[in-house]
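Shown next, in structure tokens, is the structure this report addresses.
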Amino acid sequence: MPQYAVTGCAGFIGSNLVSRLLADGHEVIGIDNFSTGRREFLSAAIKSPAFTLVEGDLLDTTTMDKALKGRSVSMVFHLAANADVSSGVLHPRRDLEQNTIATHNVLEGMRSHDVSRIVFSSTGSIYGEPDVFPTPEDAPFPIQTSFYGASKLAGEGLIASFCEAFGFQAWIYRFVSVLGEGYTHGHVFDFYRKLQTDPNRIEVLGDGNQQKSYMYIGDCLDGILLGVEKGTAPVNIFNLGLDDTIKVHDSLALIVDRLGLSPKVDYTGGKRGWVGDSPLIHLDCTRIRKLGWKPARSIDQGVLCTLDWLRDNPWVFEGRE
């Protein structure tokens, strides 16, 4: 039975991936420090004899030793990261530590234990504000516009260097924002929380015309696993996203209609919601589609199923400011 390690196993994408791998009959070693991940997301996995939880911080170089020592791990899915893009200017070192230095520690831990295959969750934000839309994987990189994007791009560089120097093989996925069950941060979360507080008024960062391509978590996992199955290069890089986009104010309209509300909308103005926010993220996913990947859910469906999940799971808001 193949053994896989998943960093960030208690996070949104990580916990969903753990469930998928266990359902497919694999043994999984999950790694998390629970700084943002939720133990509740692992409640089913912990009951499985095929799942082992290693609690530790990836900035501690012994964490990967604890996870890999004495085990026959064939691949590491490295999903642990700071995903709060908007707070980058408030905590510029956080992205460096949690997204770049932690990635280096994962790679060194793998090298020490003869594990040479890694899947890395990167981001469409590494393209900054490109000149080409939809943006392909080989687009020229402009100046970086966020600490998050810069730290993820540095992680990609480290991984490619380990592939060249030590014979690693990598699958790098540049995601758009992901929606679905287990979602605990992002615009749907923020809008719903604000409307719970005041159903008659909502503040929207920016001018509401920011345009993004959101992807459902099930489709995201399908793309990741298909790329691993069919990508044979030393470094396989895939965009993952939908072929269409939605504007922020249109997404809000879906949400308030589902909730039966008619709030007054106050926009803060400007084409960016925050420093480093990209007004348009739209990725060209031809490369992964040629392998047979086809998303099953539209953006609208992803937004609404996420909202429904949040309504059914109010506990996710506990302890959140």
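We name chains A, B, ... following the order of the structure tokens; residues begin at 1 in each chain, and ligands are numbered from 1 as shown.
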
*asked:* So that I can check the surroundings of Thr286 of chain A, please list as number ranges by chain every protein, DNA and RNA residue that reaches within 12 Å of it, counting only C-alpha atoms and ignoring chain neighbours fewer than 3 positions away.
replied: A: 134-138, 237-243, 283, 289-294

Would you mind exporting the chosen residues as a PDB file, in the first residue's frame, restricted to N, CA and C atoms?
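That gives us part_14.pdb:
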ATOM      1  N   PRO A 134      -6.076  34.513 -21.109  1.00  0.00           N
ATOM      2  CA  PRO A 134      -5.675  33.737 -19.939  1.00  0.00           C
ATOM      3  C   PRO A 134      -4.163  33.524 -19.920  1.00  0.00           C
ATOM      4  N   THR A 135      -3.604  33.425 -18.737  1.00  0.00           N
ATOM      5  CA  THR A 135      -2.155  33.402 -18.557  1.00  0.00           C
ATOM      6  C   THR A 135      -1.623  31.974 -18.580  1.00  0.00           C
ATOM      7  N   PRO A 136      -0.726  31.632 -19.530  1.00  0.00           N
ATOM      8  CA  PRO A 136      -0.172  30.276 -19.602  1.00  0.00           C
ATOM      9  C   PRO A 136       1.011  30.095 -18.655  1.00  0.00           C
ATOM     10  N   GLU A 137       1.404  28.843 -18.465  1.00  0.00           N
ATOM     11  CA  GLU A 137       2.510  28.536 -17.550  1.00  0.00           C
ATOM     12  C   GLU A 137       3.828  29.150 -17.995  1.00  0.00           C
ATOM     13  N   ASP A 138       4.013  29.370 -19.302  1.00  0.00           N
ATOM     14  CA  ASP A 138       5.290  29.906 -19.785  1.00  0.00           C
ATOM     15  C   ASP A 138       5.249  31.415 -19.998  1.00  0.00           C
ATOM     16  N   ILE A 237       4.767  21.501 -14.354  1.00  0.00           N
ATOM     17  CA  ILE A 237       4.090  22.712 -13.875  1.00  0.00           C
ATOM     18  C   ILE A 237       2.734  22.818 -14.559  1.00  0.00           C
ATOM     19  N   PHE A 238       1.680  22.927 -13.746  1.00  0.00           N
ATOM     20  CA  PHE A 238       0.331  23.007 -14.277  1.00  0.00           C
ATOM     21  C   PHE A 238      -0.442  24.161 -13.644  1.00  0.00           C
ATOM     22  N   ASN A 239      -1.094  24.962 -14.483  1.00  0.00           N
ATOM     23  CA  ASN A 239      -2.128  25.860 -13.981  1.00  0.00           C
ATOM     24  C   ASN A 239      -3.370  25.040 -13.671  1.00  0.00           C
ATOM     25  N   LEU A 240      -4.109  25.453 -12.649  1.00  0.00           N
ATOM     26  CA  LEU A 240      -5.391  24.826 -12.327  1.00  0.00           C
ATOM     27  C   LEU A 240      -6.424  25.920 -12.072  1.00  0.00           C
ATOM     28  N   GLY A 241      -7.429  25.966 -12.912  1.00  0.00           N
ATOM     29  CA  GLY A 241      -8.487  26.958 -12.763  1.00  0.00           C
ATOM     30  C   GLY A 241      -9.550  26.731 -13.814  1.00  0.00           C
ATOM     31  N   LEU A 242     -10.588  27.532 -13.767  1.00  0.00           N
ATOM     32  CA  LEU A 242     -11.665  27.405 -14.736  1.00  0.00           C
ATOM     33  C   LEU A 242     -11.425  28.319 -15.934  1.00  0.00           C
ATOM     34  N   ASP A 243     -12.163  28.049 -17.006  1.00  0.00           N
ATOM     35  CA  ASP A 243     -11.988  28.825 -18.236  1.00  0.00           C
ATOM     36  C   ASP A 243     -12.705  30.168 -18.187  1.00  0.00           C
ATOM     37  N   LEU A 283      -6.280  32.010 -15.573  1.00  0.00           N
ATOM     38  CA  LEU A 283      -5.194  31.155 -16.017  1.00  0.00           C
ATOM     39  C   LEU A 283      -5.579  30.319 -17.231  1.00  0.00           C
ATOM     40  N   ARG A 289      -5.691  20.333 -19.180  1.00  0.00           N
ATOM     41  CA  ARG A 289      -6.884  19.847 -19.893  1.00  0.00           C
ATOM     42  C   ARG A 289      -6.501  18.833 -20.969  1.00  0.00           C
ATOM     43  N   LYS A 290      -5.344  18.997 -21.573  1.00  0.00           N
ATOM     44  CA  LYS A 290      -4.895  18.043 -22.589  1.00  0.00           C
ATOM     45  C   LYS A 290      -4.656  16.658 -22.005  1.00  0.00           C
ATOM     46  N   LEU A 291      -4.456  16.592 -20.698  1.00  0.00           N
ATOM     47  CA  LEU A 291      -4.289  15.290 -20.037  1.00  0.00           C
ATOM     48  C   LEU A 291      -5.631  14.653 -19.704  1.00  0.00           C
ATOM     49  N   GLY A 292      -6.714  15.407 -19.916  1.00  0.00           N
ATOM     50  CA  GLY A 292      -8.045  14.863 -19.669  1.00  0.00           C
ATOM     51  C   GLY A 292      -8.796  15.475 -18.517  1.00  0.00           C
ATOM     52  N   TRP A 293      -8.234  16.526 -17.889  1.00  0.00           N
ATOM     53  CA  TRP A 293      -8.919  17.150 -16.752  1.00  0.00           C
ATOM     54  C   TRP A 293     -10.055  18.035 -17.232  1.00  0.00           C
ATOM     55  N   LYS A 294     -11.210  17.869 -16.628  1.00  0.00           N
ATOM     56  CA  LYS A 294     -12.375  18.679 -16.969  1.00  0.00           C
ATOM     57  C   LYS A 294     -13.144  18.991 -15.689  1.00  0.00           C
TER      58      LYS A 294
END

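Looking only at segment 91-199 of chain A, the set that DSSP places in strand (DSSP E or B) from backbone geometry is Arg117, Ile118, Val119, Phe120, Ser121, Ser122, Thr123, Thr135, Gln169, Ala170, Trp171, Ile172, Tyr173, Arg174, Phe175, Val178 and Leu179 of chain A.
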
Kindly export the residues of the current selection with C-alpha atoms, as an mmCIF file, in the first residue's frame.
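The resulting again_22.cif:
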data_model
loop_
_atom_site.group_PDB
_atom_site.id
_atom_site.type_symbol
_atom_site.label_atom_id
_atom_site.label_comp_id
_atom_site.auth_asym_id
_atom_site.auth_seq_id
_atom_site.Cartn_x
_atom_site.Cartn_y
_atom_site.Cartn_z
ATOM 1 C CA ARG A 117 8.863 13.057 -5.327
ATOM 2 C CA ILE A 118 7.027 16.216 -4.273
ATOM 3 C CA VAL A 119 3.720 17.868 -5.121
ATOM 4 C CA PHE A 120 3.679 21.605 -4.385
ATOM 5 C CA SER A 121 0.717 23.929 -4.086
ATOM 6 C CA SER A 122 1.816 27.171 -5.707
ATOM 7 C CA THR A 123 -0.476 29.983 -6.839
ATOM 8 C CA THR A 135 -2.155 33.402 -18.557
ATOM 9 C CA GLN A 169 10.700 14.860 -9.453
ATOM 10 C CA ALA A 170 8.109 17.585 -8.858
ATOM 11 C CA TRP A 171 4.553 18.487 -9.711
ATOM 12 C CA ILE A 172 3.896 22.201 -9.194
ATOM 13 C CA TYR A 173 0.309 23.466 -9.321
ATOM 14 C CA ARG A 174 -0.495 27.122 -9.771
ATOM 15 C CA PHE A 175 -4.007 27.415 -8.370
ATOM 16 C CA VAL A 178 -10.350 27.165 -4.300
ATOM 17 C CA LEU A 179 -13.895 26.855 -2.941
#

Wanna dump the segment 122-149 of chain A-segment 72-84 of chain A contacts at 12 Å for me, each residue with its shortest atom pair and the distance in Å to one decimal, counting only C-alpha atoms, ordered by chain and number, as CSV?
residue,atom,partner,partner_atom,distance
A:Ser122,CA,A:Leu79,CA,8.6
A:Thr123,CA,A:Ala83,CA,9.8
A:Ser125,CA,A:Ala83,CA,11.3
A:Ser146,CA,A:Asp84,CA,10.9
A:Phe147,CA,A:Asp84,CA,10.3
A:Tyr148,CA,A:Ala83,CA,7.5
A:Gly149,CA,A:Ala83,CA,10.0

*Counting only C-alpha atoms, the option among A:Glu129, A:Glu203, A:Glu318, A:Asp312 closest to Gly273 of chain A*: A:Glu203

*Have a look at atom CA of Thr61 of chain A and atom CA of Ile126 of chain A and let me know their distance in Å, one decimal.*
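Straight-line distance from atom CA of Thr61 of chain A to atom CA of Ile126 of chain A works out to 26.4 Å.
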
*Could you pull the residues within 9 Å of Ala102 of chain A, counting only C-alpha atoms, minus those fewer than 2 positions along the same chain, as a PyMOL selection string?*
chain A and resi 57-61+80-81+96-100+104-107+155

What does the file look like for those residues with N, CA and C atoms, as a tab-separated table (two decimals), in the first residue's frame?
chain	number	residue	atom	x	y	z
A	57	ASP	N	5.81	21.81	13.63
A	57	ASP	CA	6.00	23.00	12.81
A	57	ASP	C	7.11	22.73	11.80
A	58	LEU	N	6.87	23.06	10.55
A	58	LEU	CA	7.88	22.82	9.51
A	58	LEU	C	9.08	23.74	9.63
A	59	LEU	N	8.99	24.78	10.44
A	59	LEU	CA	10.17	25.61	10.70
A	59	LEU	C	11.12	24.90	11.67
A	60	ASP	N	10.64	23.86	12.32
A	60	ASP	CA	11.46	22.99	13.15
A	60	ASP	C	11.98	21.87	12.24
A	61	THR	N	13.25	21.82	12.03
A	61	THR	CA	13.81	20.87	11.05
A	61	THR	C	13.64	19.42	11.47
A	80	ALA	N	1.24	22.83	3.16
A	80	ALA	CA	1.31	23.77	4.28
A	80	ALA	C	1.82	25.12	3.80
A	81	ALA	N	1.13	26.18	4.22
A	81	ALA	CA	1.53	27.53	3.80
A	81	ALA	C	0.73	28.56	4.56
A	96	LEU	N	7.72	34.60	3.99
A	96	LEU	CA	9.07	34.07	3.81
A	96	LEU	C	9.25	32.80	4.63
A	97	GLU	N	8.85	32.87	5.89
A	97	GLU	CA	9.08	31.73	6.78
A	97	GLU	C	8.19	30.54	6.42
A	98	GLN	N	6.89	30.77	6.31
A	98	GLN	CA	5.95	29.67	6.18
A	98	GLN	C	5.84	29.13	4.76
A	99	ASN	N	6.19	29.95	3.79
A	99	ASN	CA	6.05	29.50	2.40
A	99	ASN	C	7.38	29.15	1.73
A	100	THR	N	8.45	29.80	2.14
A	100	THR	CA	9.74	29.56	1.49
A	100	THR	C	10.68	28.74	2.37
A	104	HIS	N	11.92	24.77	2.02
A	104	HIS	CA	13.31	24.29	2.04
A	104	HIS	C	13.47	23.18	3.08
A	105	ASN	N	12.86	23.34	4.25
A	105	ASN	CA	12.98	22.32	5.29
A	105	ASN	C	12.31	21.01	4.86
A	106	VAL	N	11.20	21.11	4.15
A	106	VAL	CA	10.54	19.91	3.63
A	106	VAL	C	11.47	19.19	2.65
A	107	LEU	N	12.07	19.94	1.75
A	107	LEU	CA	12.97	19.35	0.76
A	107	LEU	C	14.19	18.71	1.40
A	155	GLY	N	9.64	29.27	-3.56
A	155	GLY	CA	9.48	27.85	-3.28
A	155	GLY	C	9.58	27.01	-4.54

_I'd like to know which of A:Lys264, A:His91, A:Arg39, A:Arg71 is closest to Pro199 of chain A, using only C-alpha atoms._
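The answer is A:Lys264, which sits nearest to Pro199 of chain A.
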
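The interatomic distance for the pair atom CA of Asp190 of chain A and atom CA of Asp257 of chain A works out to 16.1 Å.
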
_Spatial neighbours of segment 298-310 of chain A, max dist 12 Å, only C-alpha atoms, sep filter under 6 positions, as a PyMOL selection string_ = chain A and resi 12+176-193+195-196+211-220+241-248+250-259+316-318

Can those selected residues be exported to a file as a compact mmCIF listing (two decimals), in the first residue's frame so that it contains N, CA and C atoms?
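Below you can see out.txt, which holds the result:
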# COMPACT_ATOMS: atom_id res chain seq x y z
N PHE A 12 -7.67 23.40 4.57
CA PHE A 12 -8.78 23.21 3.64
C PHE A 12 -8.44 22.19 2.56
N VAL A 176 -5.85 28.84 -8.95
CA VAL A 176 -6.71 29.98 -8.64
C VAL A 176 -7.24 29.71 -7.23
N SER A 177 -8.07 30.61 -6.70
CA SER A 177 -8.65 30.38 -5.38
C SER A 177 -9.59 29.18 -5.44
N VAL A 178 -9.58 28.41 -4.36
CA VAL A 178 -10.35 27.16 -4.30
C VAL A 178 -11.53 27.33 -3.34
N LEU A 179 -12.67 26.78 -3.73
CA LEU A 179 -13.90 26.86 -2.94
C LEU A 179 -14.38 25.45 -2.60
N GLY A 180 -15.31 25.36 -1.63
CA GLY A 180 -15.93 24.08 -1.33
C GLY A 180 -15.96 23.76 0.14
N GLU A 181 -16.24 22.51 0.45
CA GLU A 181 -16.37 22.06 1.82
C GLU A 181 -15.03 22.14 2.54
N GLY A 182 -15.03 22.76 3.71
CA GLY A 182 -13.79 22.95 4.46
C GLY A 182 -13.16 24.31 4.25
N TYR A 183 -13.81 25.16 3.46
CA TYR A 183 -13.30 26.50 3.13
C TYR A 183 -13.41 27.40 4.35
N THR A 184 -12.30 28.01 4.77
CA THR A 184 -12.31 28.83 5.99
C THR A 184 -11.69 30.21 5.82
N HIS A 185 -11.37 30.61 4.60
CA HIS A 185 -10.90 31.98 4.39
C HIS A 185 -11.12 32.34 2.92
N GLY A 186 -11.31 33.62 2.68
CA GLY A 186 -11.57 34.07 1.32
C GLY A 186 -12.87 34.86 1.25
N HIS A 187 -13.24 35.25 0.04
CA HIS A 187 -14.31 36.23 -0.09
C HIS A 187 -15.68 35.70 0.31
N VAL A 188 -15.98 34.42 0.03
CA VAL A 188 -17.29 33.89 0.43
C VAL A 188 -17.39 33.84 1.95
N PHE A 189 -16.33 33.39 2.60
CA PHE A 189 -16.26 33.36 4.06
C PHE A 189 -16.45 34.76 4.63
N ASP A 190 -15.70 35.72 4.08
CA ASP A 190 -15.77 37.09 4.60
C ASP A 190 -17.13 37.73 4.38
N PHE A 191 -17.71 37.54 3.19
CA PHE A 191 -19.02 38.12 2.91
C PHE A 191 -20.08 37.53 3.84
N TYR A 192 -20.08 36.23 4.01
CA TYR A 192 -21.09 35.60 4.85
C TYR A 192 -20.94 36.03 6.30
N ARG A 193 -19.70 36.12 6.77
CA ARG A 193 -19.48 36.56 8.16
C ARG A 193 -19.96 38.00 8.36
N LEU A 195 -22.30 39.54 6.66
CA LEU A 195 -23.75 39.58 6.57
C LEU A 195 -24.41 38.96 7.80
N GLN A 196 -23.73 38.06 8.47
CA GLN A 196 -24.23 37.55 9.74
C GLN A 196 -24.24 38.65 10.79
N GLN A 211 -11.72 40.55 -10.81
CA GLN A 211 -12.24 39.43 -11.59
C GLN A 211 -11.35 38.21 -11.35
N LYS A 212 -11.97 37.15 -10.85
CA LYS A 212 -11.19 35.97 -10.48
C LYS A 212 -11.86 34.71 -11.03
N SER A 213 -11.06 33.63 -11.07
CA SER A 213 -11.54 32.33 -11.56
C SER A 213 -11.45 31.35 -10.40
N TYR A 214 -12.58 31.06 -9.77
CA TYR A 214 -12.59 30.18 -8.59
C TYR A 214 -12.85 28.73 -9.00
N MET A 215 -12.27 27.80 -8.22
CA MET A 215 -12.33 26.38 -8.58
C MET A 215 -12.83 25.56 -7.38
N TYR A 216 -13.69 24.60 -7.64
CA TYR A 216 -14.24 23.73 -6.60
C TYR A 216 -13.17 22.72 -6.15
N ILE A 217 -13.16 22.42 -4.84
CA ILE A 217 -12.13 21.59 -4.25
C ILE A 217 -12.05 20.20 -4.89
N GLY A 218 -13.19 19.59 -5.21
CA GLY A 218 -13.16 18.28 -5.85
C GLY A 218 -12.47 18.31 -7.19
N ASP A 219 -12.73 19.37 -7.97
CA ASP A 219 -12.07 19.52 -9.27
C ASP A 219 -10.58 19.76 -9.09
N CYS A 220 -10.22 20.52 -8.05
CA CYS A 220 -8.81 20.77 -7.75
C CYS A 220 -8.08 19.47 -7.47
N GLY A 241 -7.43 25.97 -12.91
CA GLY A 241 -8.49 26.96 -12.76
C GLY A 241 -9.55 26.73 -13.81
N LEU A 242 -10.59 27.53 -13.77
CA LEU A 242 -11.66 27.41 -14.74
C LEU A 242 -11.42 28.32 -15.93
N ASP A 243 -12.16 28.05 -17.01
CA ASP A 243 -11.99 28.83 -18.24
C ASP A 243 -12.70 30.17 -18.19
N ASP A 244 -13.59 30.34 -17.20
CA ASP A 244 -14.28 31.61 -17.09
C ASP A 244 -13.94 32.28 -15.76
N THR A 245 -14.45 33.49 -15.55
CA THR A 245 -14.18 34.26 -14.35
C THR A 245 -15.49 34.83 -13.82
N ILE A 246 -15.41 35.40 -12.63
CA ILE A 246 -16.56 36.09 -12.05
C ILE A 246 -16.05 37.34 -11.35
N LYS A 247 -16.83 38.42 -11.42
CA LYS A 247 -16.47 39.64 -10.71
C LYS A 247 -16.95 39.55 -9.27
N VAL A 248 -16.27 40.28 -8.41
CA VAL A 248 -16.59 40.22 -6.98
C VAL A 248 -18.05 40.61 -6.74
N ASP A 250 -20.55 40.32 -8.67
CA ASP A 250 -21.46 39.28 -9.15
C ASP A 250 -21.50 38.10 -8.19
N SER A 251 -20.36 37.78 -7.60
CA SER A 251 -20.32 36.73 -6.60
C SER A 251 -21.14 37.14 -5.38
N LEU A 252 -21.01 38.40 -4.97
CA LEU A 252 -21.80 38.89 -3.85
C LEU A 252 -23.30 38.80 -4.16
N ALA A 253 -23.67 39.10 -5.39
CA ALA A 253 -25.08 39.03 -5.78
C ALA A 253 -25.61 37.61 -5.62
N LEU A 254 -24.81 36.61 -5.99
CA LEU A 254 -25.22 35.21 -5.80
C LEU A 254 -25.46 34.91 -4.32
N ILE A 255 -24.56 35.41 -3.48
CA ILE A 255 -24.61 35.12 -2.05
C ILE A 255 -25.84 35.76 -1.41
N VAL A 256 -26.07 37.04 -1.67
CA VAL A 256 -27.20 37.71 -1.02
C VAL A 256 -28.53 37.18 -1.54
N ASP A 257 -28.56 36.78 -2.80
CA ASP A 257 -29.79 36.18 -3.33
C ASP A 257 -30.08 34.85 -2.64
N ARG A 258 -29.04 34.04 -2.43
CA ARG A 258 -29.21 32.75 -1.75
C ARG A 258 -29.70 32.97 -0.32
N LEU A 259 -29.23 34.03 0.31
CA LEU A 259 -29.60 34.31 1.70
C LEU A 259 -30.91 35.09 1.82
N VAL A 316 -17.13 26.85 12.26
CA VAL A 316 -15.89 27.30 11.64
C VAL A 316 -15.61 28.77 11.93
N PHE A 317 -16.64 29.51 12.36
CA PHE A 317 -16.46 30.92 12.67
C PHE A 317 -16.03 31.16 14.12
N GLU A 318 -16.07 30.12 14.93
CA GLU A 318 -15.71 30.28 16.34
C GLU A 318 -14.23 30.64 16.48
